[in-house]
>>> print(open('query.txt').read())   # compact mmCIF, C-alpha atoms
# COMPACT_ATOMS: atom_id res chain seq x y z
CA ALA M 658 143.90 11.74 -134.57
CA ALA M 659 145.47 12.95 -137.79
CA TRP M 660 147.36 11.47 -140.70
CA HIS M 661 151.03 11.94 -139.87
CA ALA M 662 149.89 14.01 -136.86
CA GLY M 663 149.27 17.09 -138.98
CA GLU M 664 151.68 19.44 -140.66
CA ASN M 665 154.98 19.54 -138.72
CA TYR M 666 153.33 17.16 -136.23
CA ASP M 667 151.29 20.05 -134.83
CA THR M 668 148.53 17.68 -133.63
CA ILE M 669 151.00 15.94 -131.33
CA GLU M 670 152.52 19.27 -130.32
CA ARG M 671 149.10 20.69 -129.38
CA PHE M 672 148.13 17.47 -127.58
CA LEU M 673 151.32 17.39 -125.50
CA SER M 674 150.98 21.07 -124.58
CA GLN M 675 147.46 20.53 -123.16
CA ALA M 676 147.29 16.90 -122.01
CA ASN M 677 148.82 17.37 -118.59
CA SER M 678 145.94 19.57 -117.44
CA PHE M 679 143.56 16.64 -118.06
CA LEU M 680 145.61 13.90 -116.40
CA GLU M 681 144.72 12.58 -112.98
CA GLN M 682 147.48 12.47 -110.39
CA ASN M 683 149.94 9.77 -111.60
CA GLY M 684 147.96 9.50 -114.85
CA ARG M 685 149.61 8.28 -118.03
CA ILE M 686 149.32 8.89 -121.75
CA VAL M 687 149.48 6.02 -124.24
CA LEU M 688 150.37 6.86 -127.84
CA VAL M 689 150.50 4.56 -130.84
CA VAL M 690 153.08 5.87 -133.26
CA SER M 691 154.09 4.56 -136.68
CA SER M 692 157.69 3.84 -137.59
CA ASP M 693 157.11 6.31 -140.46
CA MET M 694 157.40 9.14 -137.93
CA PRO M 695 160.73 10.55 -136.73
CA LEU M 696 160.89 8.94 -133.29
CA ALA M 697 163.88 11.01 -132.12
CA SER M 698 161.93 14.18 -132.85
CA LEU M 699 159.00 12.87 -130.82
CA ASP M 700 161.30 12.07 -127.90
CA ASP M 701 162.51 15.69 -128.00
CA ARG M 702 158.90 16.89 -127.88
CA PHE M 703 158.07 14.58 -124.97
CA GLN M 704 160.97 16.01 -122.99
CA ARG M 705 160.21 19.61 -123.96
CA TYR M 706 156.70 19.30 -122.50
CA GLY M 707 157.93 17.57 -119.35
CA TYR M 708 156.95 13.97 -120.06
CA ARG M 709 159.08 10.89 -119.66
CA VAL M 710 158.72 7.58 -121.45
CA VAL M 711 157.91 4.86 -118.93
CA ALA M 712 157.20 2.06 -121.39
CA HIS M 713 157.92 1.49 -125.09
CA GLU M 714 156.84 -1.59 -126.98
CA ARG M 715 157.32 -2.33 -130.69
CA ARG M 716 154.72 -4.25 -132.69
CA PRO M 717 155.42 -5.22 -136.33
CA HIS M 718 152.41 -4.68 -138.58
CA PHE M 719 152.63 -5.38 -142.32
CA PHE M 720 155.13 -2.87 -143.76
CA GLU M 721 155.74 -0.79 -140.65
CA VAL M 722 156.27 -1.06 -136.94
CA PHE M 723 153.85 0.41 -134.42
CA HIS M 724 155.42 1.92 -131.33
CA LEU M 725 153.24 1.85 -128.22
CA VAL M 726 154.62 4.59 -126.03
CA GLN M 727 153.49 5.24 -122.47
CA LEU M 728 154.26 8.67 -121.00
CA GLU M 729 153.88 10.19 -117.59
CA ALA M 730 154.37 13.75 -116.47
CA GLY M 731 157.68 14.57 -114.87
CA ASP M 732 157.68 15.25 -111.13
CA ASP M 733 157.70 19.03 -111.61
CA ARG M 734 154.66 18.93 -113.94
CA GLN M 735 152.70 16.66 -111.57
CA GLU M 736 153.51 18.87 -108.61
CA SER M 737 152.60 22.06 -110.50
CA ARG M 738 149.31 20.61 -111.74
CA HIS M 739 148.41 19.35 -108.25
CA ALA M 740 149.16 22.76 -106.71
CA SER M 741 146.96 24.48 -109.33
CA ALA M 742 144.10 22.06 -108.71
CA SER M 743 144.22 22.66 -104.96
CA GLY M 744 144.39 26.45 -105.37
CA ARG M 745 147.97 26.83 -104.12
CA ASN M 746 149.29 28.16 -107.39
>>> encode(input="query.txt", output="C-alpha cells")
Amino acid sequence: AAWHAGENYDTIERFLSQANSFLEQNGRIVLVVSSDMPLASLDDRFQRYGYRVVAHERRPHFFEVFHLVQLEAGDDRQESRHASASGRN
C-alpha cells in the first residue's frame, strides 16, 4: 500500500494492529514483501501483534526477491476476537 511501507514501516504497523478485527474465524493475511525490507524486523512485528507465519515462499524477480508471507492470528487473538464478536468480552 505504500512505498517501503511508510516511514519506519508505519503502514505495516498500523495494518497489523487493526487487521485481526476484520479477519473471519481462522482467516489469514497474505503479504508480499520485498527483500529490500528488513525481514527480521517484520517477524518481530508479526509476533508483537500476535500473528504467526504459516507459510513463506520466496520468488525471485529481477533484482530482488519477493517474499509471500501468510499469517494467521495466534490462538489467543482468535479466541479474544471471537469472544468480542459474540458479546462475551
>>> closest_residue(input="query.txt", among="M:Gln675, M:Asn683, M:Ser691, M:Thr668", to="M:Val722", atoms="all atoms listed in the file")
M:Ser691
>>> closest_residue(input="query.txt", among="M:Ile669, M:Leu725, M:Ala697, M:Ala730", to="M:Glu681", atoms="all atoms listed in the file")
M:Ala730
>>> atom_distance(input="query.txt", atom1="atom CA of M:Leu696", atom2="atom CA of M:Leu673")
15.0 Å
>>> residues_around(input="query.txt", residues="M:Glu721", least_positions_apart="4", cutoff="12 Å", atoms="only C-alpha atoms", output="VMD selection string")
chain M and resid 690 to 694 715 to 717
>>> residues_near_point(input="query.txt", point="(159.0, 17.2, -130.3)", cutoff="12 Å", atoms="all atoms listed in the file", output="list in words")
Ala662, Asn665, Tyr666, Asp667, Thr668, Ile669, Glu670, Arg671, Phe672, Leu673, Ser674, Met694, Pro695, Leu696, Ala697, Ser698, Leu699, Asp700, Asp701, Arg702, Phe703, Gln704, Arg705, Tyr706, Gly707 and Tyr708 of chain M
>>> atom_distance(input="query.txt", atom1="atom CA of M:Ala712", atom2="atom CA of M:Gly731")
14.1 Å
>>> atom_distance(input="query.txt", atom1="atom CA of M:Ser678", atom2="atom CA of M:Phe723")
26.8 Å
>>> closest_residue(input="query.txt", among="M:Ala676, M:Val710, M:Gly684, M:Glu664", to="M:Val726", atoms="only C-alpha atoms")
M:Val710
>>> axis_aligned_box(input="query.txt", around="stretch 715-724 of chain M", padding_each_side="5 Å", output="JSON")
{"center_x": 154.9, "center_y": -1.7, "center_z": -137.2, "size_x": 14.9, "size_y": 17.3, "size_z": 23.1}
>>> residues_around(input="query.txt", residues="M:Val711", least_positions_apart="6", cutoff="7 Å", atoms="only C-alpha atoms", output="ChimeraX atom specification")
/M:727-729
>>> build_atoms(input="query.txt", residues="stretch 661-672 of chain M", atoms="N, CA, C and O atoms", output="CSV table (one decimal), in the coordinates of the input")
chain,number,residue,atom,x,y,z
M,661,HIS,N,149.7,11.4,-140.1
M,661,HIS,CA,151.0,11.9,-139.9
M,661,HIS,C,151.0,13.1,-138.8
M,661,HIS,O,151.9,13.9,-138.8
M,662,ALA,N,150.0,13.1,-138.0
M,662,ALA,CA,149.9,14.0,-136.9
M,662,ALA,C,149.9,15.5,-137.3
M,662,ALA,O,150.2,16.3,-136.6
M,663,GLY,N,149.4,15.7,-138.5
M,663,GLY,CA,149.3,17.1,-139.0
M,663,GLY,C,150.6,17.6,-139.5
M,663,GLY,O,151.6,17.0,-139.4
M,664,GLU,N,150.5,18.8,-140.1
M,664,GLU,CA,151.7,19.4,-140.7
M,664,GLU,C,152.7,19.7,-139.5
M,664,GLU,O,152.3,20.3,-138.5
M,665,ASN,N,153.9,19.4,-139.7
M,665,ASN,CA,155.0,19.5,-138.7
M,665,ASN,C,154.6,18.9,-137.4
M,665,ASN,O,155.0,19.4,-136.3
M,666,TYR,N,153.8,17.9,-137.4
M,666,TYR,CA,153.3,17.2,-136.2
M,666,TYR,C,152.6,18.1,-135.2
M,666,TYR,O,152.7,17.9,-134.0
M,667,ASP,N,151.9,19.1,-135.7
M,667,ASP,CA,151.3,20.0,-134.8
M,667,ASP,C,150.2,19.4,-134.0
M,667,ASP,O,149.9,19.9,-132.9
M,668,THR,N,149.6,18.3,-134.4
M,668,THR,CA,148.5,17.7,-133.6
M,668,THR,C,149.2,17.1,-132.4
M,668,THR,O,148.6,17.3,-131.3
M,669,ILE,N,150.3,16.5,-132.5
M,669,ILE,CA,151.0,15.9,-131.3
M,669,ILE,C,151.5,17.1,-130.4
M,669,ILE,O,151.4,17.0,-129.2
M,670,GLU,N,152.0,18.1,-131.1
M,670,GLU,CA,152.5,19.3,-130.3
M,670,GLU,C,151.4,19.9,-129.5
M,670,GLU,O,151.6,20.1,-128.3
M,671,ARG,N,150.2,20.1,-130.1
M,671,ARG,CA,149.1,20.7,-129.4
M,671,ARG,C,148.6,19.8,-128.3
M,671,ARG,O,148.3,20.2,-127.2
M,672,PHE,N,148.6,18.5,-128.6
M,672,PHE,CA,148.1,17.5,-127.6
M,672,PHE,C,149.1,17.5,-126.4
M,672,PHE,O,148.6,17.6,-125.2
